[in-house]
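What follows is the content of run_30.txt, which has compact mmCIF, C-alpha atoms and all ligand atoms:
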# COMPACT_ATOMS: atom_id res chain seq x y z
CA MET A 1 66.83 -37.81 -37.58
CA GLU A 2 68.91 -38.06 -40.74
CA ALA A 3 70.97 -41.27 -40.64
CA TRP A 4 74.14 -39.50 -41.82
CA ILE A 5 74.00 -37.05 -38.90
CA ARG A 6 73.65 -39.98 -36.49
CA ASP A 7 76.51 -41.86 -38.17
CA LEU A 8 78.90 -38.91 -38.70
CA PRO A 9 81.98 -39.39 -36.46
CA LYS A 10 81.61 -36.80 -33.70
CA ALA A 11 83.45 -35.48 -30.64
CA GLU A 12 81.68 -34.08 -27.59
CA LEU A 13 83.54 -31.57 -25.40
CA HIS A 14 80.82 -30.24 -23.10
CA ILE A 15 78.69 -32.79 -21.26
CA HIS A 16 78.01 -32.85 -17.52
CA ILE A 17 77.74 -36.52 -16.59
CA GLU A 18 75.16 -35.72 -13.89
CA GLY A 19 73.12 -34.11 -16.69
CA SER A 20 72.99 -37.43 -18.55
CA LEU A 21 70.94 -39.11 -15.78
CA GLU A 22 67.67 -40.04 -17.47
CA PRO A 23 64.53 -40.09 -15.25
CA GLU A 24 64.14 -43.88 -15.63
CA LEU A 25 67.65 -44.55 -14.30
CA MET A 26 67.12 -41.87 -11.62
CA PHE A 27 64.07 -43.82 -10.41
CA ALA A 28 65.86 -47.19 -10.51
CA ILE A 29 68.82 -45.85 -8.51
CA ALA A 30 66.53 -44.02 -6.04
CA GLN A 31 64.63 -47.25 -5.45
CA ARG A 32 67.69 -49.38 -4.74
CA ASN A 33 69.11 -46.64 -2.47
CA GLN A 34 65.72 -46.22 -0.75
CA ILE A 35 65.56 -42.52 -1.57
CA PHE A 36 62.14 -40.89 -1.95
CA LEU A 37 61.58 -38.86 -5.14
CA PRO A 38 58.74 -36.30 -5.01
CA TYR A 39 57.36 -37.46 -8.39
CA PRO A 40 55.05 -40.42 -9.15
CA SER A 41 56.87 -41.53 -12.32
CA ALA A 42 59.70 -40.91 -14.77
CA ALA A 43 57.16 -39.29 -17.10
CA ALA A 44 56.15 -36.85 -14.35
CA VAL A 45 59.81 -35.97 -13.79
CA ARG A 46 60.19 -35.22 -17.50
CA GLU A 47 57.10 -33.01 -17.46
CA ALA A 48 58.69 -30.95 -14.68
CA TYR A 49 61.61 -30.05 -16.96
CA GLN A 50 60.35 -26.57 -17.87
CA PHE A 51 63.05 -24.02 -17.18
CA SER A 52 63.07 -20.23 -17.23
CA ASP A 53 66.82 -19.72 -16.81
CA LEU A 54 70.01 -21.50 -15.71
CA GLN A 55 69.19 -21.39 -11.97
CA SER A 56 65.73 -22.92 -12.41
CA PHE A 57 67.45 -25.89 -14.08
CA LEU A 58 70.31 -26.15 -11.59
CA ASP A 59 67.88 -26.40 -8.65
CA ILE A 60 66.32 -29.57 -10.14
CA TYR A 61 69.64 -30.94 -11.44
CA TYR A 62 71.34 -30.78 -8.02
CA ALA A 63 68.30 -32.31 -6.30
CA ALA A 64 68.26 -35.20 -8.80
CA ALA A 65 71.96 -35.91 -8.24
CA GLY A 66 71.01 -36.72 -4.64
CA VAL A 67 70.09 -40.29 -5.69
CA LEU A 68 73.77 -41.04 -6.48
CA LEU A 69 75.44 -42.65 -3.46
CA HIS A 70 77.54 -45.65 -4.46
CA GLU A 71 80.27 -46.41 -6.98
CA GLN A 72 77.79 -48.55 -8.93
CA ASP A 73 75.43 -45.55 -9.28
CA PHE A 74 78.16 -43.41 -10.88
CA TYR A 75 79.20 -46.37 -13.03
CA ASP A 76 75.66 -47.02 -14.30
CA MET A 77 75.03 -43.34 -15.11
CA THR A 78 78.32 -43.08 -17.03
CA TRP A 79 77.81 -46.38 -18.84
CA ALA A 80 74.33 -45.32 -20.01
CA TYR A 81 75.83 -42.13 -21.48
CA LEU A 82 78.59 -44.09 -23.26
CA GLU A 83 75.99 -46.40 -24.81
CA ARG A 84 74.25 -43.30 -26.19
CA CYS A 85 77.60 -42.13 -27.57
CA ALA A 86 78.18 -45.46 -29.30
CA ALA A 87 74.68 -45.37 -30.85
CA GLN A 88 75.43 -41.89 -32.33
CA ASN A 89 79.04 -42.54 -33.34
CA VAL A 90 80.44 -40.11 -30.77
CA ARG A 91 84.02 -41.36 -31.03
CA HIS A 92 85.52 -39.15 -28.34
CA THR A 93 84.04 -37.37 -25.35
CA GLU A 94 85.43 -35.06 -22.67
CA ILE A 95 83.16 -35.38 -19.65
CA PHE A 96 82.60 -32.90 -16.82
CA PHE A 97 81.69 -34.03 -13.33
CA ASP A 98 80.84 -31.95 -10.25
CA PRO A 99 82.52 -33.58 -7.23
CA GLN A 100 81.27 -30.97 -4.73
CA THR A 101 77.65 -31.92 -5.53
CA HIS A 102 78.50 -35.31 -4.03
CA THR A 103 81.22 -34.67 -1.44
CA ASP A 104 79.02 -32.01 0.20
CA ARG A 105 76.45 -34.82 0.78
CA GLY A 106 79.06 -37.08 2.36
CA VAL A 107 79.83 -39.19 -0.74
CA PRO A 108 83.63 -39.69 -0.84
CA PHE A 109 85.54 -38.18 -3.77
CA ALA A 110 87.00 -41.65 -4.46
CA THR A 111 83.52 -43.19 -4.82
CA VAL A 112 82.64 -40.69 -7.55
CA MET A 113 85.99 -41.09 -9.33
CA ASN A 114 86.05 -44.89 -9.23
CA GLY A 115 82.52 -45.28 -10.54
CA ILE A 116 82.97 -42.88 -13.46
CA HIS A 117 86.51 -43.99 -14.31
CA HIS A 118 85.72 -47.71 -14.42
CA ALA A 119 82.82 -47.07 -16.80
CA LEU A 120 85.14 -45.05 -19.05
CA VAL A 121 87.69 -47.89 -19.12
CA ASP A 122 84.92 -50.37 -20.04
CA GLY A 123 83.61 -47.85 -22.60
CA LYS A 124 86.63 -48.52 -24.81
CA GLN A 125 84.86 -51.78 -25.81
CA LEU A 126 82.12 -49.58 -27.28
CA GLY A 127 84.64 -47.69 -29.42
CA VAL A 128 84.26 -44.50 -27.39
CA SER A 129 87.36 -42.80 -26.02
CA ALA A 130 86.81 -40.52 -23.04
CA GLN A 131 88.61 -38.07 -20.78
CA LEU A 132 87.43 -36.49 -17.54
CA ILE A 133 87.34 -32.86 -16.47
CA CYS A 134 86.79 -32.04 -12.78
CA CYS A 135 84.55 -28.97 -12.43
CA PHE A 136 84.36 -26.53 -9.53
CA LEU A 137 80.96 -25.13 -8.58
CA ARG A 138 81.31 -21.36 -8.87
CA HIS A 139 78.43 -20.60 -6.45
CA LEU A 140 80.61 -22.15 -3.70
CA SER A 141 83.75 -20.52 -2.29
CA ALA A 142 87.21 -20.43 -3.82
CA ASP A 143 88.42 -22.27 -0.69
CA SER A 144 86.02 -25.10 -1.38
CA ALA A 145 87.28 -25.27 -4.99
CA MET A 146 90.89 -25.38 -3.75
CA ALA A 147 90.04 -28.20 -1.31
CA THR A 148 88.39 -30.06 -4.20
CA LEU A 149 91.50 -29.60 -6.35
CA GLU A 150 93.55 -31.11 -3.54
CA GLN A 151 91.22 -34.10 -3.39
CA ALA A 152 91.65 -34.52 -7.14
CA LEU A 153 95.47 -34.61 -7.07
CA PRO A 154 95.79 -38.33 -6.17
CA PHE A 155 93.57 -39.10 -9.19
CA GLN A 156 95.41 -36.88 -11.63
CA ASP A 157 96.20 -39.78 -13.98
CA TRP A 158 92.45 -40.14 -14.53
CA LEU A 159 91.83 -36.45 -15.20
CA VAL A 160 92.77 -34.28 -18.17
CA GLY A 161 91.69 -30.92 -16.79
CA VAL A 162 89.59 -28.77 -14.52
CA GLY A 163 86.58 -26.60 -15.32
CA LEU A 164 84.19 -24.09 -13.79
CA ASP A 165 80.40 -24.41 -13.87
CA SER A 166 77.11 -23.73 -12.01
CA SER A 167 75.41 -20.32 -11.46
CA GLU A 168 77.31 -17.83 -13.60
CA MET A 169 75.78 -14.49 -12.59
CA GLU A 170 77.55 -12.87 -9.62
CA HIS A 171 80.29 -15.52 -9.72
CA PRO A 172 82.95 -14.17 -12.09
CA PRO A 173 85.96 -16.27 -13.14
CA ALA A 174 88.26 -13.86 -11.21
CA LYS A 175 87.01 -15.46 -7.97
CA PHE A 176 88.89 -18.65 -8.95
CA GLN A 177 92.16 -17.20 -10.25
CA ALA A 178 94.33 -18.75 -7.52
CA VAL A 179 92.66 -22.17 -7.88
CA PHE A 180 93.22 -22.21 -11.64
CA GLU A 181 96.83 -21.05 -11.22
CA ARG A 182 97.46 -23.96 -8.88
CA ALA A 183 95.65 -26.37 -11.24
CA ARG A 184 97.82 -25.27 -14.18
CA ALA A 185 100.97 -25.57 -12.07
CA GLU A 186 99.92 -29.17 -11.25
CA GLY A 187 99.60 -29.90 -14.98
CA PHE A 188 95.85 -29.71 -15.53
CA LEU A 189 94.41 -28.20 -18.70
CA THR A 190 91.69 -25.63 -17.97
CA VAL A 191 88.27 -24.68 -19.32
CA ALA A 192 85.47 -22.53 -17.90
CA HIS A 193 81.82 -21.79 -18.53
CA ALA A 194 81.57 -18.12 -19.49
CA GLY A 195 79.21 -15.99 -21.53
CA GLU A 196 76.25 -18.40 -21.24
CA GLU A 197 74.20 -15.94 -19.17
CA GLY A 198 77.11 -13.80 -18.01
CA PRO A 199 78.57 -10.78 -19.83
CA PRO A 200 81.49 -10.74 -22.31
CA ASP A 201 83.70 -9.49 -19.46
CA TYR A 202 83.43 -12.95 -17.85
CA ILE A 203 84.83 -14.44 -21.09
CA TRP A 204 87.73 -11.96 -20.95
CA GLN A 205 88.38 -13.00 -17.34
CA ALA A 206 88.30 -16.71 -18.26
CA VAL A 207 90.92 -16.27 -21.01
CA GLU A 208 93.11 -13.63 -19.34
CA LEU A 209 92.97 -14.64 -15.67
CA LEU A 210 92.18 -18.37 -15.80
CA LYS A 211 94.08 -18.86 -19.10
CA VAL A 212 91.58 -21.41 -20.31
CA ALA A 213 92.15 -23.49 -23.43
CA ARG A 214 88.43 -23.45 -24.34
CA ILE A 215 85.36 -21.43 -23.39
CA ASP A 216 82.23 -23.39 -22.50
CA HIS A 217 79.21 -21.73 -24.15
CA GLY A 218 80.64 -18.24 -24.87
CA VAL A 219 77.64 -17.28 -27.01
CA ARG A 220 77.52 -13.74 -25.55
CA CYS A 221 80.97 -12.95 -27.01
CA LEU A 222 79.26 -11.40 -30.05
CA GLU A 223 78.36 -8.37 -27.91
CA ASP A 224 82.06 -7.40 -27.83
CA PRO A 225 83.79 -7.12 -31.25
CA LYS A 226 87.28 -6.89 -29.66
CA LEU A 227 86.62 -10.12 -27.80
CA VAL A 228 85.44 -11.83 -31.00
CA ALA A 229 88.64 -10.73 -32.77
CA TYR A 230 90.74 -12.01 -29.86
CA LEU A 231 89.01 -15.42 -29.77
CA ALA A 232 89.08 -15.76 -33.56
CA GLU A 233 92.75 -14.85 -33.91
CA ARG A 234 93.78 -17.41 -31.30
CA GLN A 235 91.13 -19.92 -32.40
CA ILE A 236 90.08 -20.43 -28.77
CA PRO A 237 87.24 -22.93 -29.16
CA LEU A 238 83.69 -22.30 -27.94
CA THR A 239 81.81 -25.40 -26.80
CA VAL A 240 78.31 -24.30 -27.81
CA CYS A 241 75.24 -26.22 -26.58
CA PRO A 242 72.26 -25.35 -28.82
CA LEU A 243 69.40 -27.34 -27.21
CA SER A 244 70.59 -26.23 -23.77
CA ASN A 245 70.57 -22.58 -24.82
CA VAL A 246 66.97 -22.85 -26.00
CA LYS A 247 65.76 -24.85 -22.94
CA LEU A 248 67.39 -22.33 -20.58
CA CYS A 249 65.96 -19.36 -22.54
CA VAL A 250 69.34 -17.95 -23.65
CA PHE A 251 67.62 -17.82 -27.08
CA ASP A 252 63.84 -17.80 -27.58
CA ASP A 253 63.98 -20.61 -30.12
CA MET A 254 66.51 -22.46 -32.24
CA ALA A 255 65.88 -20.27 -35.29
CA LYS A 256 67.19 -17.34 -33.21
CA HIS A 257 70.38 -19.11 -32.08
CA ASN A 258 73.53 -17.18 -33.00
CA LEU A 259 75.65 -20.20 -34.01
CA LYS A 260 75.79 -19.15 -37.65
CA GLN A 261 77.00 -15.66 -36.72
CA LEU A 262 79.66 -17.23 -34.48
CA ILE A 263 80.88 -19.30 -37.44
CA GLU A 264 80.77 -16.31 -39.78
CA ALA A 265 82.90 -14.35 -37.28
CA GLY A 266 85.67 -16.92 -37.83
CA LEU A 267 85.36 -18.57 -34.41
CA CYS A 268 86.15 -22.22 -33.72
CA VAL A 269 82.64 -23.40 -32.82
CA THR A 270 81.87 -26.90 -31.56
CA VAL A 271 78.47 -28.52 -30.92
CA ASN A 272 77.67 -30.23 -27.62
CA SER A 273 74.77 -31.51 -25.50
CA ASP A 274 75.52 -30.03 -22.01
CA ASP A 275 72.86 -31.94 -20.00
CA PRO A 276 71.21 -34.23 -22.56
CA ALA A 277 68.73 -35.91 -20.18
CA TYR A 278 67.25 -32.49 -19.36
CA PHE A 279 67.42 -30.61 -22.65
CA GLY A 280 65.78 -32.97 -25.13
CA GLY A 281 68.67 -34.66 -26.85
CA TYR A 282 72.18 -35.97 -27.14
CA LEU A 283 74.84 -34.80 -29.58
CA ALA A 284 73.16 -35.96 -32.81
CA GLU A 285 69.87 -34.28 -31.83
CA ASN A 286 71.80 -31.02 -31.33
CA PHE A 287 73.29 -31.27 -34.83
CA GLN A 288 69.90 -32.18 -36.31
CA SER A 289 68.14 -29.28 -34.61
CA LEU A 290 70.73 -26.84 -36.00
CA ARG A 291 70.30 -28.30 -39.46
CA ASP A 292 66.51 -28.08 -39.25
CA HIS A 293 66.24 -24.55 -37.83
CA LEU A 294 69.35 -22.77 -39.14
CA ALA A 295 69.47 -24.60 -42.48
CA LEU A 296 73.07 -25.68 -41.96
CA THR A 297 74.61 -27.17 -45.08
CA THR A 298 76.46 -30.49 -45.17
CA ALA A 299 79.69 -28.49 -45.49
CA GLU A 300 78.91 -26.51 -42.34
CA ILE A 301 78.09 -29.68 -40.39
CA HIS A 302 81.31 -31.25 -41.70
CA GLN A 303 83.27 -28.27 -40.38
CA LEU A 304 81.52 -28.37 -36.99
CA SER A 305 82.38 -32.05 -36.61
CA ARG A 306 86.02 -31.33 -37.57
CA ASN A 307 86.14 -28.50 -35.02
CA GLY A 308 85.09 -30.92 -32.25
CA PHE A 309 88.10 -33.16 -32.89
CA GLN A 310 90.41 -30.20 -33.51
CA ALA A 311 89.47 -28.65 -30.16
CA ALA A 312 89.77 -31.93 -28.21
CA PHE A 313 92.50 -32.54 -25.65
CA LEU A 314 94.05 -35.29 -27.77
CA PRO A 315 97.53 -35.84 -29.24
CA SER A 316 97.85 -34.50 -32.77
CA GLU A 317 98.30 -37.96 -34.39
CA THR A 318 95.04 -39.18 -32.82
CA LYS A 319 93.27 -36.03 -33.97
CA GLU A 320 94.59 -36.43 -37.50
CA ALA A 321 93.35 -40.03 -37.68
CA LEU A 322 89.88 -39.05 -36.44
CA LEU A 323 89.71 -36.02 -38.76
CA HIS A 324 90.60 -38.31 -41.65
CA GLU A 325 87.67 -40.56 -40.68
CA VAL A 326 85.34 -37.54 -40.65
CA ASP A 327 86.52 -36.46 -44.11
CA ARG A 328 86.19 -39.98 -45.52
CA PHE A 329 82.68 -40.27 -44.09
CA MET A 330 81.65 -36.93 -45.60
CA GLU A 331 82.85 -38.02 -49.06
CA THR A 332 80.22 -40.79 -48.96
CA VAL A 333 77.57 -38.31 -47.76
CA ASP A 334 78.40 -35.74 -50.41
CA SER A 335 78.25 -38.31 -53.21
CA ALA A 336 74.88 -39.58 -51.90
CA ILE A 337 73.29 -36.14 -51.34
CA ASN A 338 74.74 -34.03 -54.19
N1 LIG B 1 76.03 -27.38 -14.84
C1 LIG B 1 75.36 -28.22 -15.62
N2 LIG B 1 74.92 -27.60 -16.72
C2 LIG B 1 75.35 -26.32 -16.65
C3 LIG B 1 75.24 -25.19 -17.48
N3 LIG B 1 74.58 -25.22 -18.64
N4 LIG B 1 75.79 -24.04 -17.07
C4 LIG B 1 76.42 -23.97 -15.90
N5 LIG B 1 76.57 -25.01 -15.08
C5 LIG B 1 76.04 -26.19 -15.45
ZN ZN B 2 77.65 -26.83 -19.18
Since I need it in another form, could you write the structure as structure tokens?
Amino acid sequence: MEAWIRDLPKAELHIHIEGSLEPELMFAIAQRNQIFLPYPSAAAVREAYQFSDLQSFLDIYYAAAGVLLHEQDFYDMTWAYLERCAAQNVRHTEIFFDPQTHTDRGVPFATVMNGIHHALVDGKQLGVSAQLICCFLRHLSADSAMATLEQALPFQDWLVGVGLDSSEMEHPPAKFQAVFERARAEGFLTVAHAGEEGPPDYIWQAVELLKVARIDHGVRCLEDPKLVAYLAERQIPLTVCPLSNVKLCVFDDMAKHNLKQLIEAGLCVTVNSDDPAYFGGYLAENFQSLRDHLALTTAEIHQLSRNGFQAAFLPSETKEALLHEVDRFMETVDSAIN
């Protein structure tokens, strides 16, 4: 990895905290909770991470989340991710979590919230600011999502928004229109996964029916020129996850990723890790892989880093200060490289 990519100030806007659970920590937590894992070692778990599509990943990801029972488990998982952020100069992160994955197993909503939130508070010592986004699992019912939103209301001070994730095909955004309307009325910002595996129409539904502020993934928008024009004109950000897209076979390999075309179409593209413990890298590895396989220039990487802060749910003064840091950092890189 190039040191300047590691040290570049970065923002991450698309990371599922359950997807940051590394096999070693999964084993340690399973052991203390006396949960049996059907693998002999962390290395064997890693070897099993061969996916053919989104669902083949989700099946393993939900099973692995079964080790998480206590507040300390959620704290330790979140803390480990924040340490990775600090090591890669990720200055700000907006973290998804999937409460239904845990409440459906009998883990109280408050246990999940307390564990994650307390790690985020302690994470300030690491120089990482963080906000939380509560995601609804789209393969479950709209009623279940609404019940989850109601459970989230007492914790609203700890949450910046709500999102929509899990199996995209056959679960269009329209299914959750009423839930998102209620969430917006309660003051939550909204995002949704759309156009990862699903068609451009799901992206239209996310912007028009759910009125999302950002689209998570969105890479299939290029199939619909009117949609591209709409997203570009409004600068609705796409939180693109390159290593994820390759691991889940959205693209055959990184050289075939469409990120450059998305940029050339005038879209606000950001780079993110999605589920870093499963997809072979955190934020810096995603940037490095793009640079290696798509020959991104320092100027393009500079712009991608700026876009991350620009698209963040942060007050404009905070954004300006962070953007200034990015620009100052890139001056030192440009004078060293050019
Ligand atoms: N949950 C975790 N990762 C996801 C992804 N890439 N798409 C949809 N849901 C997810
Ligand atoms: Zn995701």
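Taking all atoms listed in the file into account, the residues that come within 6 Å of ligand LIG 1 (chain B) are His16, Asp165, Ser166, Ser167, Asp274 and Asp275 of chain A.
Distances to ligand ZN 2 (chain B) were evaluated for A:Ala183, A:Ala65, A:Leu248, A:Ala152 using all atoms listed in the file, and the minimum falls at A:Leu248.
Residue neighbourhood of A:His70, excluding near-sequence residues (fewer than 2 positions): Ile29, Ala30, Arg32, Asn33, Ala65, Gly66, Val67, Leu68, Gln72, Asp73, Phe74, Tyr75, Asp76, Met77, His102, Thr103, Gly106, Val107, Pro108, Phe109, Ala110, Thr111, Val112, Met113, Asn114, Gly115 and Ile116 of chain A, at 12 Å, using only C-alpha atoms.
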Can you tell me, as a VMD selection string, what residues are no more than 12 Å from stretch 36-44 of chain A when counting all atoms listed in the file, ignoring any on the same chain fewer than 6 positions away? chain A and resid 21 to 30 50 60 63 to 67 277
Within 12 Å of ligand ZN 2 (chain B), which residues show up when you count all atoms listed in the file? List them as a PyMOL selection string, please. chain A and resi 12-20+54+57-58+61+94-98+133+135-137+163-168+191-197+215-218+238-245+248+271-276+278-279
Same residues, C-alpha atoms, saved as a PDB file, keeping the file's coordinate frame:
ATOM      1  CA  GLU A  12      81.680 -34.080 -27.590  1.00  0.00           C
ATOM      2  CA  LEU A  13      83.540 -31.570 -25.400  1.00  0.00           C
ATOM      3  CA  HIS A  14      80.820 -30.240 -23.100  1.00  0.00           C
ATOM      4  CA  ILE A  15      78.690 -32.790 -21.260  1.00  0.00           C
ATOM      5  CA  HIS A  16      78.010 -32.850 -17.520  1.00  0.00           C
ATOM      6  CA  ILE A  17      77.740 -36.520 -16.590  1.00  0.00           C
ATOM      7  CA  GLU A  18      75.160 -35.720 -13.890  1.00  0.00           C
ATOM      8  CA  GLY A  19      73.120 -34.110 -16.690  1.00  0.00           C
ATOM      9  CA  SER A  20      72.990 -37.430 -18.550  1.00  0.00           C
ATOM     10  CA  LEU A  54      70.010 -21.500 -15.710  1.00  0.00           C
ATOM     11  CA  PHE A  57      67.450 -25.890 -14.080  1.00  0.00           C
ATOM     12  CA  LEU A  58      70.310 -26.150 -11.590  1.00  0.00           C
ATOM     13  CA  TYR A  61      69.640 -30.940 -11.440  1.00  0.00           C
ATOM     14  CA  GLU A  94      85.430 -35.060 -22.670  1.00  0.00           C
ATOM     15  CA  ILE A  95      83.160 -35.380 -19.650  1.00  0.00           C
ATOM     16  CA  PHE A  96      82.600 -32.900 -16.820  1.00  0.00           C
ATOM     17  CA  PHE A  97      81.690 -34.030 -13.330  1.00  0.00           C
ATOM     18  CA  ASP A  98      80.840 -31.950 -10.250  1.00  0.00           C
ATOM     19  CA  ILE A 133      87.340 -32.860 -16.470  1.00  0.00           C
ATOM     20  CA  CYS A 135      84.550 -28.970 -12.430  1.00  0.00           C
ATOM     21  CA  PHE A 136      84.360 -26.530  -9.530  1.00  0.00           C
ATOM     22  CA  LEU A 137      80.960 -25.130  -8.580  1.00  0.00           C
ATOM     23  CA  GLY A 163      86.580 -26.600 -15.320  1.00  0.00           C
ATOM     24  CA  LEU A 164      84.190 -24.090 -13.790  1.00  0.00           C
ATOM     25  CA  ASP A 165      80.400 -24.410 -13.870  1.00  0.00           C
ATOM     26  CA  SER A 166      77.110 -23.730 -12.010  1.00  0.00           C
ATOM     27  CA  SER A 167      75.410 -20.320 -11.460  1.00  0.00           C
ATOM     28  CA  GLU A 168      77.310 -17.830 -13.600  1.00  0.00           C
ATOM     29  CA  VAL A 191      88.270 -24.680 -19.320  1.00  0.00           C
ATOM     30  CA  ALA A 192      85.470 -22.530 -17.900  1.00  0.00           C
ATOM     31  CA  HIS A 193      81.820 -21.790 -18.530  1.00  0.00           C
ATOM     32  CA  ALA A 194      81.570 -18.120 -19.490  1.00  0.00           C
ATOM     33  CA  GLY A 195      79.210 -15.990 -21.530  1.00  0.00           C
ATOM     34  CA  GLU A 196      76.250 -18.400 -21.240  1.00  0.00           C
ATOM     35  CA  GLU A 197      74.200 -15.940 -19.170  1.00  0.00           C
ATOM     36  CA  ILE A 215      85.360 -21.430 -23.390  1.00  0.00           C
ATOM     37  CA  ASP A 216      82.230 -23.390 -22.500  1.00  0.00           C
ATOM     38  CA  HIS A 217      79.210 -21.730 -24.150  1.00  0.00           C
ATOM     39  CA  GLY A 218      80.640 -18.240 -24.870  1.00  0.00           C
ATOM     40  CA  LEU A 238      83.690 -22.300 -27.940  1.00  0.00           C
ATOM     41  CA  THR A 239      81.810 -25.400 -26.800  1.00  0.00           C
ATOM     42  CA  VAL A 240      78.310 -24.300 -27.810  1.00  0.00           C
ATOM     43  CA  CYS A 241      75.240 -26.220 -26.580  1.00  0.00           C
ATOM     44  CA  PRO A 242      72.260 -25.350 -28.820  1.00  0.00           C
ATOM     45  CA  LEU A 243      69.400 -27.340 -27.210  1.00  0.00           C
ATOM     46  CA  SER A 244      70.590 -26.230 -23.770  1.00  0.00           C
ATOM     47  CA  ASN A 245      70.570 -22.580 -24.820  1.00  0.00           C
ATOM     48  CA  LEU A 248      67.390 -22.330 -20.580  1.00  0.00           C
ATOM     49  CA  VAL A 271      78.470 -28.520 -30.920  1.00  0.00           C
ATOM     50  CA  ASN A 272      77.670 -30.230 -27.620  1.00  0.00           C
ATOM     51  CA  SER A 273      74.770 -31.510 -25.500  1.00  0.00           C
ATOM     52  CA  ASP A 274      75.520 -30.030 -22.010  1.00  0.00           C
ATOM     53  CA  ASP A 275      72.860 -31.940 -20.000  1.00  0.00           C
ATOM     54  CA  PRO A 276      71.210 -34.230 -22.560  1.00  0.00           C
ATOM     55  CA  TYR A 278      67.250 -32.490 -19.360  1.00  0.00           C
ATOM     56  CA  PHE A 279      67.420 -30.610 -22.650  1.00  0.00           C
TER      57      PHE A 279
END
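Take atom CA of A:Arg184 and atom CA of A:Val212: the distance between them is 9.6 Å.
You can rank A:Leu210, A:Gly280, A:Ala3, A:Tyr230 by their closest distance to A:Ala185 using all atoms listed in the file, and at the top of that list sits A:Leu210.
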Find, counting all atoms listed in the file, the residue in A:Gln55, A:Asn286, A:Gln100, A:Thr93 that gets nearest to A:Ser141. A:Gln100
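Minimum atom-to-atom distance to A:Pro199, evaluated using all atoms listed in the file, belongs to A:Leu227 out of A:Ala311, A:Leu294, A:Leu227, A:Ala213.
Here atom CA of A:Glu300 stands at a distance of 15.6 Å from atom CA of A:Arg6.
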For A:Gln125: contacts at 12 Å, all atoms listed in the file, fewer than 5 positions along chain excluded, given as an mmCIF file with C-alpha atoms, keeping the file's coordinate frame:
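This is the output file part-v6.cif:
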data_model
loop_
_atom_site.group_PDB
_atom_site.id
_atom_site.type_symbol
_atom_site.label_atom_id
_atom_site.label_comp_id
_atom_site.auth_asym_id
_atom_site.auth_seq_id
_atom_site.Cartn_x
_atom_site.Cartn_y
_atom_site.Cartn_z
ATOM 1 C CA TRP A 79 77.810 -46.380 -18.840
ATOM 2 C CA LEU A 82 78.590 -44.090 -23.260
ATOM 3 C CA GLU A 83 75.990 -46.400 -24.810
ATOM 4 C CA ALA A 86 78.180 -45.460 -29.300
ATOM 5 C CA ARG A 91 84.020 -41.360 -31.030
ATOM 6 C CA ALA A 119 82.820 -47.070 -16.800
ATOM 7 C CA LEU A 120 85.140 -45.050 -19.050
ATOM 8 C CA ALA A 130 86.810 -40.520 -23.040
#
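Atom CA of A:Arg182 to atom CA of A:Gln131 spans 20.5 Å [interatomic distance, one decimal].
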Let me have the centre and edge lengths of the axis-aligned box enclosing all listed atoms of stretch 277-291 of chain A with 6 Å padding on every side, in Å to one decimal, as lines of an AutoDock Vina configuration file.
center_x = 70.3
center_y = -31.4
center_z = -29.4
size_x = 21.1
size_y = 21.1
size_z = 32.1
So which residues fall inside 10 Å of (77.3, -48.3, -32.5) if we count all atoms listed in the file? Mind giving them as a PDB file with C-alpha atoms, in the frame of the given file?
ATOM      1  CA  ARG A   6      73.650 -39.980 -36.490  1.00  0.00           C
ATOM      2  CA  ASP A   7      76.510 -41.860 -38.170  1.00  0.00           C
ATOM      3  CA  GLU A  83      75.990 -46.400 -24.810  1.00  0.00           C
ATOM      4  CA  ARG A  84      74.250 -43.300 -26.190  1.00  0.00           C
ATOM      5  CA  CYS A  85      77.600 -42.130 -27.570  1.00  0.00           C
ATOM      6  CA  ALA A  86      78.180 -45.460 -29.300  1.00  0.00           C
ATOM      7  CA  ALA A  87      74.680 -45.370 -30.850  1.00  0.00           C
ATOM      8  CA  GLN A  88      75.430 -41.890 -32.330  1.00  0.00           C
ATOM      9  CA  ASN A  89      79.040 -42.540 -33.340  1.00  0.00           C
ATOM     10  CA  VAL A  90      80.440 -40.110 -30.770  1.00  0.00           C
ATOM     11  CA  ARG A  91      84.020 -41.360 -31.030  1.00  0.00           C
ATOM     12  CA  LEU A 126      82.120 -49.580 -27.280  1.00  0.00           C
ATOM     13  CA  GLY A 127      84.640 -47.690 -29.420  1.00  0.00           C
ATOM     14  CA  VAL A 128      84.260 -44.500 -27.390  1.00  0.00           C
TER      15      VAL A 128
END
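The nearest approach to A:Asp53 among the residues A:Tyr202, A:Phe251, A:Tyr81, A:Phe309, with all atoms listed in the file taken into account, belongs to A:Phe251.
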Which polymer residues, whether protein, DNA or RNA, lie within 10 Å of the coordinate (71.6, -19.9, -42.6) when you count only C-alpha atoms? List them as a PyMOL selection string, using the chain letters and numbers from the file. chain A and resi 255+259-261+290-291+293-297+300
Hey, what's within 10 Å of A:Glu186 if we count only C-alpha atoms and toss same-chain stuff fewer than 3 positions away? As a PDB file with C-alpha atoms, keeping the file's coordinate frame, please?
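New file result_2.pdb:
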ATOM      1  CA  LEU A 149      91.500 -29.600  -6.350  1.00  0.00           C
ATOM      2  CA  LEU A 153      95.470 -34.610  -7.070  1.00  0.00           C
ATOM      3  CA  GLN A 156      95.410 -36.880 -11.630  1.00  0.00           C
ATOM      4  CA  PHE A 180      93.220 -22.210 -11.640  1.00  0.00           C
ATOM      5  CA  GLU A 181      96.830 -21.050 -11.220  1.00  0.00           C
ATOM      6  CA  ARG A 182      97.460 -23.960  -8.880  1.00  0.00           C
ATOM      7  CA  ALA A 183      95.650 -26.370 -11.240  1.00  0.00           C
ATOM      8  CA  LEU A 189      94.410 -28.200 -18.700  1.00  0.00           C
TER       9      LEU A 189
END
